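K.L.:
Provided below: final.cif, containing mmCIF, C-alpha atoms.
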```
data_upload
#
loop_
_atom_site.label_atom_id
_atom_site.label_comp_id
_atom_site.auth_asym_id
_atom_site.auth_seq_id
_atom_site.Cartn_x
_atom_site.Cartn_y
_atom_site.Cartn_z
CA MET A 1 0.00 0.00 0.00
CA SER A 2 1.58 3.24 -1.13
CA ILE A 3 1.34 6.63 0.55
CA SER A 4 -0.60 7.90 -2.49
CA GLU A 5 -3.20 5.20 -1.88
CA LEU A 6 -3.31 6.22 1.77
CA GLU A 7 -4.20 9.74 0.67
CA GLN A 8 -7.41 8.46 -0.91
CA LEU A 9 -8.94 8.83 2.54
CA ASP A 10 -9.34 12.53 3.37
CA VAL A 11 -8.00 12.26 6.90
CA ALA A 12 -7.80 16.01 7.43
CA THR A 13 -11.53 16.37 6.80
CA ILE A 14 -12.30 13.30 8.91
CA ARG A 15 -10.31 14.69 11.83
CA GLU A 16 -12.45 17.82 11.80
CA ASP A 17 -15.41 15.61 12.76
CA PHE A 18 -13.71 14.60 16.03
CA PRO A 19 -13.62 17.52 18.51
CA ILE A 20 -11.25 15.82 20.94
CA LEU A 21 -8.47 15.53 18.36
CA SER A 22 -8.02 19.29 18.31
CA ARG A 23 -7.22 19.56 22.01
CA THR A 24 -3.78 19.68 23.58
CA VAL A 25 -2.35 17.67 26.46
CA ARG A 26 0.65 17.85 28.79
CA ASP A 27 1.63 21.52 28.69
CA GLY A 28 0.06 22.31 25.35
CA ARG A 29 1.35 19.45 23.26
CA PRO A 30 -0.81 18.33 20.32
CA LEU A 31 -2.76 15.15 21.08
CA VAL A 32 -1.49 12.09 19.20
CA TYR A 33 -4.11 9.45 19.98
CA LEU A 34 -2.85 5.93 19.31
CA ASP A 35 -5.11 3.94 21.63
CA SER A 36 -8.18 3.25 19.50
CA GLY A 37 -7.81 -0.48 20.16
CA ALA A 38 -8.88 0.28 23.73
CA THR A 39 -11.53 2.86 22.85
CA SER A 40 -12.08 5.02 19.81
CA GLN A 41 -12.89 8.71 19.68
CA LYS A 42 -16.39 9.84 18.66
CA PRO A 43 -17.42 12.06 15.74
CA ARG A 44 -19.91 14.88 16.26
CA ARG A 45 -22.57 12.89 14.43
CA VAL A 46 -22.55 10.23 17.14
CA LEU A 47 -22.53 12.80 19.94
CA ASP A 48 -25.39 14.68 18.28
CA ALA A 49 -27.47 11.54 17.70
CA GLU A 50 -27.26 10.52 21.34
CA ARG A 51 -27.95 14.04 22.57
CA GLU A 52 -30.93 14.46 20.22
CA PHE A 53 -32.48 11.24 21.51
CA TYR A 54 -32.35 12.56 25.07
CA GLU A 55 -33.54 16.02 24.08
CA ARG A 56 -36.47 14.95 21.86
CA HIS A 57 -37.43 11.29 22.27
CA ASN A 58 -36.34 10.10 25.70
CA ALA A 59 -38.72 7.49 27.13
CA ALA A 60 -38.69 3.83 28.15
CA VAL A 61 -38.47 1.59 25.10
CA HIS A 62 -41.20 -1.02 24.55
CA ARG A 63 -43.22 0.50 27.40
CA GLY A 64 -46.03 3.02 27.39
CA ALA A 65 -48.57 4.07 24.78
CA HIS A 66 -47.66 7.76 24.64
CA GLN A 67 -45.89 9.46 21.76
CA LEU A 68 -42.44 9.66 23.35
CA ALA A 69 -42.51 5.94 24.11
CA GLU A 70 -43.46 5.22 20.51
CA GLU A 71 -40.69 7.46 19.20
CA ALA A 72 -38.11 5.94 21.53
CA THR A 73 -39.11 2.42 20.54
CA ASP A 74 -38.98 3.28 16.85
CA ALA A 75 -35.53 4.85 17.24
CA TYR A 76 -34.26 1.82 19.14
CA GLU A 77 -35.51 -0.72 16.63
CA MET A 78 -34.40 1.37 13.65
CA ALA A 79 -30.93 1.41 15.23
CA ARG A 80 -31.05 -2.38 15.38
CA GLU A 81 -31.85 -2.48 11.66
CA THR A 82 -28.93 -0.17 10.83
CA ILE A 83 -26.44 -2.13 12.92
CA ALA A 84 -27.67 -5.46 11.53
CA SER A 85 -27.21 -4.17 8.00
CA PHE A 86 -23.67 -3.03 8.83
CA ILE A 87 -22.62 -6.65 9.48
CA GLY A 88 -24.89 -8.28 6.88
CA ALA A 89 -27.27 -9.73 9.46
CA ASP A 90 -31.01 -10.11 9.83
CA THR A 91 -32.50 -7.64 12.30
CA GLY A 92 -33.90 -10.36 14.55
CA GLU A 93 -30.43 -11.83 15.04
CA VAL A 94 -28.94 -8.72 16.71
CA VAL A 95 -29.01 -8.67 20.52
CA PHE A 96 -27.97 -5.52 22.35
CA THR A 97 -25.68 -6.00 25.35
CA LYS A 98 -23.72 -3.51 27.41
CA ASN A 99 -20.45 -4.65 25.80
CA ALA A 100 -18.86 -7.57 23.97
CA THR A 101 -17.82 -9.17 27.26
CA GLU A 102 -21.46 -9.47 28.25
CA GLY A 103 -22.25 -10.94 24.84
CA ILE A 104 -19.69 -13.72 25.32
CA ASN A 105 -20.90 -14.34 28.87
CA LEU A 106 -24.47 -14.47 27.56
CA VAL A 107 -23.60 -17.45 25.38
CA ALA A 108 -21.48 -19.13 28.07
CA TYR A 109 -24.13 -18.76 30.79
CA ALA A 110 -26.88 -19.86 28.42
CA MET A 111 -24.93 -23.07 27.94
CA SER A 112 -24.72 -23.74 31.66
CA ASN A 113 -28.35 -22.66 32.17
CA ALA A 114 -29.34 -25.24 29.55
CA ALA A 115 -28.70 -27.99 32.10
CA THR A 116 -31.83 -27.01 34.03
CA ALA A 117 -33.86 -25.47 31.20
CA ASP A 118 -36.97 -26.91 29.64
CA GLU A 119 -36.35 -29.90 27.40
CA ASP A 120 -36.63 -27.86 24.20
CA LEU A 121 -33.85 -25.50 25.39
CA ARG A 122 -31.27 -28.16 26.27
CA ARG A 123 -29.48 -28.15 22.94
CA PHE A 124 -26.66 -26.15 24.54
CA GLN A 125 -26.08 -28.41 27.53
CA VAL A 126 -22.39 -28.98 28.33
CA GLY A 127 -20.94 -31.44 30.82
CA PRO A 128 -18.08 -33.79 31.71
CA GLY A 129 -16.41 -35.24 28.65
CA ASP A 130 -17.17 -32.20 26.52
CA GLU A 131 -14.44 -29.82 25.39
CA ILE A 132 -14.23 -26.09 24.63
CA VAL A 133 -11.42 -24.83 22.42
CA VAL A 134 -9.99 -21.30 22.56
CA THR A 135 -6.66 -19.79 21.50
CA GLU A 136 -3.62 -18.68 23.42
CA MET A 137 -3.96 -15.15 22.05
CA GLU A 138 -7.46 -14.50 23.42
CA HIS A 139 -8.44 -11.32 25.21
CA HIS A 140 -9.50 -12.25 28.74
CA ALA A 141 -13.10 -11.51 27.71
CA ASN A 142 -13.02 -14.56 25.42
CA LEU A 143 -11.05 -16.76 27.80
CA VAL A 144 -12.24 -16.33 31.37
CA PRO A 145 -15.97 -16.95 30.57
CA TRP A 146 -15.05 -20.30 28.99
CA GLN A 147 -12.77 -21.18 31.90
CA GLN A 148 -15.69 -20.52 34.21
CA LEU A 149 -18.11 -22.54 32.07
CA CYS A 150 -15.74 -25.49 32.28
CA GLN A 151 -15.53 -25.13 36.06
CA ARG A 152 -19.33 -25.00 36.36
CA THR A 153 -19.98 -27.96 34.09
CA GLY A 154 -16.96 -30.24 34.25
CA ALA A 155 -16.04 -29.67 30.60
CA ARG A 156 -12.38 -29.43 29.57
CA LEU A 157 -10.71 -26.30 28.17
CA ARG A 158 -8.16 -26.69 25.36
CA TRP A 159 -6.42 -24.15 23.14
CA PHE A 160 -4.49 -23.41 19.97
CA PRO A 161 -0.90 -22.35 20.82
CA VAL A 162 0.68 -19.18 19.46
CA THR A 163 3.92 -19.35 17.49
CA GLU A 164 6.89 -17.07 18.07
CA GLU A 165 5.80 -15.12 14.97
CA GLY A 166 2.44 -14.36 16.56
CA ARG A 167 0.33 -16.73 14.46
CA LEU A 168 -1.88 -19.59 15.54
CA ASP A 169 -0.30 -23.03 15.31
CA LEU A 170 -2.88 -25.10 13.41
CA SER A 171 -0.69 -28.17 13.00
CA GLU A 172 -2.73 -30.20 15.52
CA MET A 173 -6.14 -28.77 14.61
CA GLY A 174 -7.54 -32.15 13.58
CA GLU A 175 -6.88 -33.54 17.04
CA LEU A 176 -7.63 -30.37 18.96
CA ILE A 177 -11.10 -29.89 17.44
CA ASN A 178 -12.67 -33.32 17.71
CA GLU A 179 -15.96 -35.13 18.35
CA ARG A 180 -15.92 -33.97 21.98
CA THR A 181 -15.63 -30.28 21.04
CA ARG A 182 -18.80 -28.30 21.73
CA VAL A 183 -17.50 -24.75 21.24
CA VAL A 184 -14.60 -23.12 19.42
CA ALA A 185 -14.14 -19.52 20.63
CA LEU A 186 -11.53 -17.34 18.99
CA ILE A 187 -10.57 -13.76 18.36
CA HIS A 188 -10.91 -12.53 14.77
CA GLN A 189 -8.07 -10.01 15.02
CA SER A 190 -5.68 -10.00 17.96
CA ASN A 191 -5.87 -6.85 20.06
CA VAL A 192 -2.13 -7.16 20.80
CA LEU A 193 -0.48 -8.82 17.82
CA GLY A 194 -2.75 -7.44 15.12
CA THR A 195 -2.91 -10.97 13.68
CA VAL A 196 -5.99 -11.71 11.59
CA ASN A 197 -6.82 -15.34 12.24
CA PRO A 198 -7.85 -17.94 9.61
CA VAL A 199 -11.48 -18.07 10.70
CA ALA A 200 -12.69 -19.93 7.60
CA GLU A 201 -10.24 -22.80 8.06
CA ILE A 202 -11.01 -23.19 11.76
CA THR A 203 -14.77 -22.90 11.21
CA ALA A 204 -14.65 -25.57 8.51
CA ARG A 205 -13.09 -28.01 10.96
CA ALA A 206 -15.62 -27.08 13.65
CA ARG A 207 -18.43 -27.79 11.20
CA GLU A 208 -17.03 -31.29 10.59
CA VAL A 209 -17.52 -32.20 14.25
CA GLY A 210 -20.69 -30.18 14.93
CA ALA A 211 -19.08 -27.60 17.22
CA LEU A 212 -20.34 -24.04 17.59
CA VAL A 213 -18.04 -21.15 16.66
CA VAL A 214 -18.01 -17.96 18.74
CA LEU A 215 -16.04 -15.08 17.24
CA ASP A 216 -14.70 -12.09 19.17
CA ALA A 217 -14.88 -9.40 16.49
CA CYS A 218 -14.10 -6.36 18.66
CA GLN A 219 -10.96 -5.58 16.66
CA SER A 220 -12.33 -6.48 13.23
CA VAL A 221 -15.84 -5.01 12.89
CA PRO A 222 -14.51 -1.44 13.45
CA HIS A 223 -11.62 -1.83 11.03
CA MET A 224 -12.57 -3.99 8.05
CA PRO A 225 -15.67 -5.08 6.12
CA VAL A 226 -17.36 -7.88 8.10
CA ASP A 227 -20.27 -9.95 6.82
CA VAL A 228 -21.59 -12.63 9.14
CA ALA A 229 -22.88 -14.70 6.22
CA ASP A 230 -19.41 -14.82 4.67
CA LEU A 231 -17.77 -15.69 7.99
CA ASP A 232 -20.18 -18.60 8.56
CA VAL A 233 -19.70 -18.53 12.35
CA ASP A 234 -22.51 -19.10 14.86
CA PHE A 235 -22.07 -16.16 17.22
CA LEU A 236 -20.17 -12.89 16.88
CA THR A 237 -19.64 -10.07 19.37
CA PHE A 238 -18.34 -6.52 19.21
CA SER A 239 -18.42 -3.30 21.27
CA GLY A 240 -19.73 0.11 20.27
CA HIS A 241 -17.03 2.15 21.98
CA LYS A 242 -14.29 0.68 19.78
CA MET A 243 -16.04 1.70 16.54
CA LEU A 244 -16.79 5.42 17.07
CA GLY A 245 -19.92 4.62 19.09
CA PRO A 246 -20.91 5.24 22.71
CA SER A 247 -19.71 3.31 25.72
CA GLY A 248 -22.20 1.03 27.40
CA ILE A 249 -23.44 -0.85 24.34
CA GLY A 250 -22.28 -3.97 22.57
CA VAL A 251 -23.75 -6.43 20.10
CA LEU A 252 -24.16 -10.17 20.11
CA TRP A 253 -25.09 -11.59 16.74
CA GLY A 254 -26.31 -15.16 16.64
CA ARG A 255 -27.96 -17.41 14.11
CA ARG A 256 -31.70 -17.13 14.53
CA GLU A 257 -32.23 -20.87 15.04
CA LEU A 258 -29.56 -20.89 17.76
CA LEU A 259 -30.97 -17.86 19.58
CA GLU A 260 -34.38 -19.53 19.55
CA ALA A 261 -32.86 -22.65 21.13
CA MET A 262 -30.98 -20.76 23.89
CA PRO A 263 -32.29 -20.26 27.42
CA PRO A 264 -31.98 -16.68 28.74
CA PHE A 265 -28.97 -15.35 30.62
CA ILE A 266 -30.61 -12.53 32.64
CA THR A 267 -34.30 -12.68 33.53
CA GLY A 268 -36.80 -10.00 34.53
CA GLY A 269 -38.82 -7.40 32.70
CA SER A 270 -39.04 -7.09 28.90
CA MET A 271 -37.75 -10.57 28.14
CA ILE A 272 -40.90 -12.48 29.16
CA GLY A 273 -43.79 -13.99 27.27
CA VAL A 274 -46.32 -14.64 30.06
CA VAL A 275 -45.75 -14.40 33.82
CA HIS A 276 -47.69 -16.33 36.48
CA MET A 277 -46.87 -16.65 40.15
CA GLU A 278 -45.77 -20.23 39.55
CA TYR A 279 -43.83 -19.88 36.30
CA SER A 280 -42.92 -17.62 33.37
CA THR A 281 -42.34 -18.06 29.66
CA TRP A 282 -39.82 -16.26 27.51
CA ALA A 283 -40.14 -13.81 24.64
CA GLU A 284 -38.77 -14.62 21.22
CA PRO A 285 -35.22 -13.47 20.39
CA PRO A 286 -33.76 -10.90 20.47
CA GLN A 287 -36.00 -9.58 23.28
CA ARG A 288 -35.43 -12.80 25.25
CA PHE A 289 -31.87 -11.64 25.88
CA GLU A 290 -32.55 -7.95 26.60
CA ALA A 291 -33.93 -7.94 30.14
CA GLY A 292 -34.69 -4.57 31.74
CA VAL A 293 -34.83 -1.11 30.24
CA PRO A 294 -32.51 -1.16 27.20
CA MET A 295 -29.75 1.29 26.32
CA ALA A 296 -31.78 3.15 23.72
CA ALA A 297 -29.69 6.31 23.38
CA GLN A 298 -26.51 4.27 23.08
CA ALA A 299 -28.09 2.11 20.36
CA VAL A 300 -29.02 5.26 18.44
CA GLY A 301 -25.46 6.52 18.83
CA LEU A 302 -24.00 3.23 17.62
CA ALA A 303 -26.28 3.29 14.58
CA ALA A 304 -24.97 6.79 13.80
CA ALA A 305 -21.42 5.42 14.05
CA CYS A 306 -22.31 2.63 11.60
CA ASP A 307 -23.75 5.19 9.18
CA TYR A 308 -20.59 7.29 9.48
CA LEU A 309 -18.31 4.32 8.78
CA THR A 310 -20.49 3.18 5.91
CA GLU A 311 -20.26 6.62 4.27
CA VAL A 312 -16.48 6.64 4.65
CA GLY A 313 -16.33 3.07 3.32
CA MET A 314 -15.01 0.12 5.30
CA ASP A 315 -12.77 -0.93 2.39
CA ARG A 316 -11.13 2.49 2.54
CA VAL A 317 -10.83 2.34 6.33
CA ALA A 318 -9.10 -1.03 6.05
CA ALA A 319 -6.76 0.19 3.29
CA HIS A 320 -5.89 3.31 5.28
CA GLU A 321 -5.02 1.31 8.37
CA HIS A 322 -3.05 -1.20 6.33
CA ALA A 323 -0.86 1.63 5.01
CA LEU A 324 -0.38 3.04 8.50
CA THR A 325 0.52 -0.41 9.81
CA GLU A 326 3.08 -1.00 7.08
CA TYR A 327 4.62 2.39 7.79
CA ALA A 328 4.69 1.76 11.56
CA LEU A 329 6.18 -1.72 11.26
CA LYS A 330 8.95 -0.29 9.09
CA HIS A 331 9.76 2.83 11.10
CA VAL A 332 9.07 1.70 14.67
CA GLY A 333 10.77 -1.61 13.95
CA ALA A 334 13.83 0.23 12.60
CA VAL A 335 14.52 1.98 15.91
CA GLU A 336 17.53 0.37 17.56
CA GLY A 337 16.54 -1.56 20.65
CA VAL A 338 12.86 -1.96 19.62
CA ARG A 339 11.30 -5.36 18.95
CA ILE A 340 7.90 -5.76 17.35
CA VAL A 341 5.66 -8.26 19.14
CA GLY A 342 3.78 -10.29 16.54
CA PRO A 343 3.98 -10.44 12.75
CA THR A 344 6.51 -8.01 11.30
CA GLU A 345 4.89 -7.90 7.87
CA ALA A 346 1.47 -6.41 7.14
CA VAL A 347 0.00 -9.66 5.83
CA ASP A 348 -3.19 -10.91 7.50
CA ARG A 349 -2.53 -8.19 10.04
CA GLY A 350 -4.51 -5.29 11.44
CA GLY A 351 -3.60 -1.91 12.87
CA ALA A 352 -2.39 -2.83 16.35
CA VAL A 353 1.40 -2.65 16.65
CA SER A 354 2.84 -3.82 19.95
CA PHE A 355 6.51 -3.67 20.83
CA VAL A 356 9.07 -3.80 23.61
CA VAL A 357 12.05 -1.49 24.05
CA ASP A 358 15.27 -2.87 25.49
CA ASP A 359 15.90 -1.96 29.15
CA ILE A 360 12.76 0.21 29.46
CA HIS A 361 9.65 -1.14 31.16
CA PRO A 362 6.50 -0.45 29.12
CA HIS A 363 4.95 1.54 31.98
CA ASP A 364 8.01 3.79 32.14
CA LEU A 365 8.00 4.15 28.37
CA GLY A 366 4.31 5.02 28.42
CA GLN A 367 4.90 7.87 30.86
CA VAL A 368 7.54 9.47 28.65
CA LEU A 369 5.37 9.04 25.55
CA ASP A 370 2.48 10.64 27.42
CA ASP A 371 4.69 13.60 28.32
CA LYS A 372 5.22 14.03 24.57
CA GLY A 373 1.47 13.94 23.92
CA VAL A 374 1.57 10.42 22.42
CA GLU A 375 -1.19 8.30 23.95
CA VAL A 376 -0.60 4.54 23.75
CA ARG A 377 -1.55 1.49 25.79
CA VAL A 378 0.93 -0.29 28.08
CA GLY A 379 0.60 -3.53 30.05
CA HIS A 380 -0.61 -7.00 29.14
CA HIS A 381 -3.67 -5.63 27.29
CA CYS A 382 -6.00 -8.20 28.87
CA ALA A 383 -3.98 -10.95 27.18
CA TRP A 384 -1.79 -12.17 29.99
CA PRO A 385 -1.33 -15.80 28.86
CA MET A 386 -0.16 -14.72 25.41
CA HIS A 387 2.45 -12.35 26.86
CA ARG A 388 3.60 -15.12 29.14
CA LYS A 389 3.89 -17.49 26.16
CA LEU A 390 6.03 -14.97 24.29
CA GLY A 391 8.27 -14.49 27.32
CA ILE A 392 7.48 -10.84 28.02
CA VAL A 393 5.91 -9.25 31.08
CA ALA A 394 4.15 -6.47 29.18
CA SER A 395 4.29 -4.51 25.97
CA THR A 396 3.52 -1.09 24.51
CA ARG A 397 0.75 -0.94 21.93
CA ALA A 398 -0.03 1.69 19.32
CA SER A 399 -3.38 1.12 17.61
CA PHE A 400 -4.61 3.07 14.61
CA TYR A 401 -7.93 4.17 13.17
CA LEU A 402 -9.32 6.18 10.28
CA TYR A 403 -8.34 9.51 11.88
CA ASN A 404 -4.64 8.70 12.30
CA THR A 405 -1.87 9.93 9.99
CA LEU A 406 1.67 9.07 9.01
CA GLU A 407 2.72 12.07 11.10
CA ASP A 408 1.22 10.35 14.14
CA VAL A 409 3.53 7.40 13.52
CA ASP A 410 6.47 9.76 13.14
CA ALA A 411 5.58 11.35 16.48
CA LEU A 412 5.54 7.90 18.06
CA VAL A 413 8.99 7.08 16.68
CA GLU A 414 10.47 10.36 17.94
CA ALA A 415 8.88 9.86 21.36
CA ILE A 416 10.40 6.37 21.63
CA LYS A 417 13.82 7.80 20.81
CA ALA A 418 13.29 10.54 23.39
CA ALA A 419 12.49 7.91 26.01
CA GLN A 420 15.63 6.00 25.16
CA THR A 421 17.64 9.18 25.59
CA PHE A 422 15.87 9.96 28.88
CA PHE A 423 16.64 6.52 30.31
CA GLY A 424 20.18 6.44 28.88
CA THR A 425 19.60 3.40 26.66
CA ARG A 426 19.86 5.00 23.23
CA GLY A 427 22.88 3.75 21.35
CA SER A 428 23.75 1.23 24.05
#
```
So, in terms of structure tokens, how does the structure I just supplied come out?

P.N.:
Amino acid sequence: MSISELEQLDVATIREDFPILSRTVRDGRPLVYLDSGATSQKPRRVLDAEREFYERHNAAVHRGAHQLAEEATDAYEMARETIASFIGADTGEVVFTKNATEGINLVAYAMSNAATADEDLRRFQVGPGDEIVVTEMEHHANLVPWQQLCQRTGARLRWFPVTEEGRLDLSEMGELINERTRVVALIHQSNVLGTVNPVAEITARAREVGALVVLDACQSVPHMPVDVADLDVDFLTFSGHKMLGPSGIGVLWGRRELLEAMPPFITGGSMIGVVHMEYSTWAEPPQRFEAGVPMAAQAVGLAAACDYLTEVGMDRVAAHEHALTEYALKHVGAVEGVRIVGPTEAVDRGGAVSFVVDDIHPHDLGQVLDDKGVEVRVGHHCAWPMHRKLGIVASTRASFYLYNTLEDVDALVEAIKAAQTFFGTRGS
């Protein structure tokens, strides 16, 4: 990807849509925001959509017969339609959660709840002798819930190892995914390594043995075109706050026939069919999984984010980030004493570039970078086992989005060199 191709995206105009990017930090330094993998910034359109909902339509969704309640309900369900279209889904397959973590837990708890559910909801029952397969590069959100499900049910947890190059080792996939496998849960794009995993190959093997596939798409839906029909997985989750949308809302997509076969995770108001003192019945999906008053304003804001990204073009977003990643791998990786963590070529790789700097702890490095106005993420990035596998305590991560520029990468490189000078390691 050439710099001229990068310029096809009018980043200067895009940046004008994001008020926060014009502010200064740390004694008037320009803000260089390289932490979109943790949370993205929000364009005015998203802020305005959420504010307008509160100012003009605020009421409890799916409750009340008055005009505001009707308007709020319409806005909420229209948002569901927009978000479903963004990922190529049917509207009835989109469940709103408060984040992707809750979406993964929803599936995991539904599987343990199936043990005591009505007979027609026991398709998801898991027990001793069953196996759940994850990967060694998972975010804790797609690891800990499956650990806990195994502890609750007696199932066994297994995983794909990560190679030194930051790729999944599929050499034993035929044995790892077998007739005992009930679920294969994996991350689409690593939040640390940037690795884009071979979902199609893994899903094909899961299909051979009848296992369900749960995909953590938090780092892919915001950054590349994603179509659930093309992916052919069974469940997919992502968070609004990582894709220009509000905090406090996520999405669980599931195949309609699977959602209909799942018992609920959280029970209470809104998710019921009929309630008696002795028993209750459940609503059809997606309402079955949306107990309580929903996050209507956040859904409207997320729909506005989807519209914004659609107008920009997800192909162009992906190409822009690819060019930034290539540039960062070349220039950050060329700094003496810096080692890239993960693939060093921009092949099957997204815009998260993690690295370690000789003789400087990531937390110390992060403080110096922050003093220069360069905002990155430091630590284990909620992927502790993967860092342990690669033999590092922590790393520094720069993650890019549609509003970042080559100059942002240059600022990162200069800040790293400044840190090396500050700690006396440059040239050693």

K.L.:
Can you tell me which residues surround Gly273 (chain A) at a distance of at most 7 Å, considering all atoms listed in the file, apart from same-chain residues fewer than 5 positions away, and format the answer as a PyMOL selection string?

P.N.:
chain A and resi 281-283

K.L.:
Please enumerate the residues selected by the PyMOL selection byres ((chain A and resi 188) around 6) when evaluated against the supplied file, formatted as a list in words.

P.N.:
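On this input, the PyMOL selection byres ((chain A and resi 188) around 6) captures Ile187, Gln189, Val196, Asn197, Asp216 and Ala217 of chain A.
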
K.L.:
Name the closest residue to Arg122 (chain A) among the candidates A:Leu258, A:Ala419, A:Cys382, A:His322; distances are taken between atoms, counting all atoms listed in the file.

P.N.:
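Checking each of A:Leu258, A:Ala419, A:Cys382, A:His322 against Arg122 (chain A), counting all atoms listed in the file, the winner is A:Leu258.
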
K.L.:
What is the distance, in Å and to one decimal place, between CA of Leu170 (chain A) and CA of Ile202 (chain A)?

P.N.:
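Atom-to-atom, CA of Leu170 (chain A) to CA of Ile202 (chain A), that is 8.5 Å.
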
K.L.:
Suppose you want the space between CA of Ser399 (chain A) and CA of Val228 (chain A); what is it in Å?

P.N.:
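For CA of Ser399 (chain A) relative to CA of Val228 (chain A), the distance reads 24.3 Å.
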
K.L.:
To one decimal place, how far is CA of Gly292 (chain A) from CA of Glu257 (chain A) in Å?

P.N.:
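Pair CA of Gly292 (chain A) / CA of Glu257 (chain A) returns 23.5 Å.
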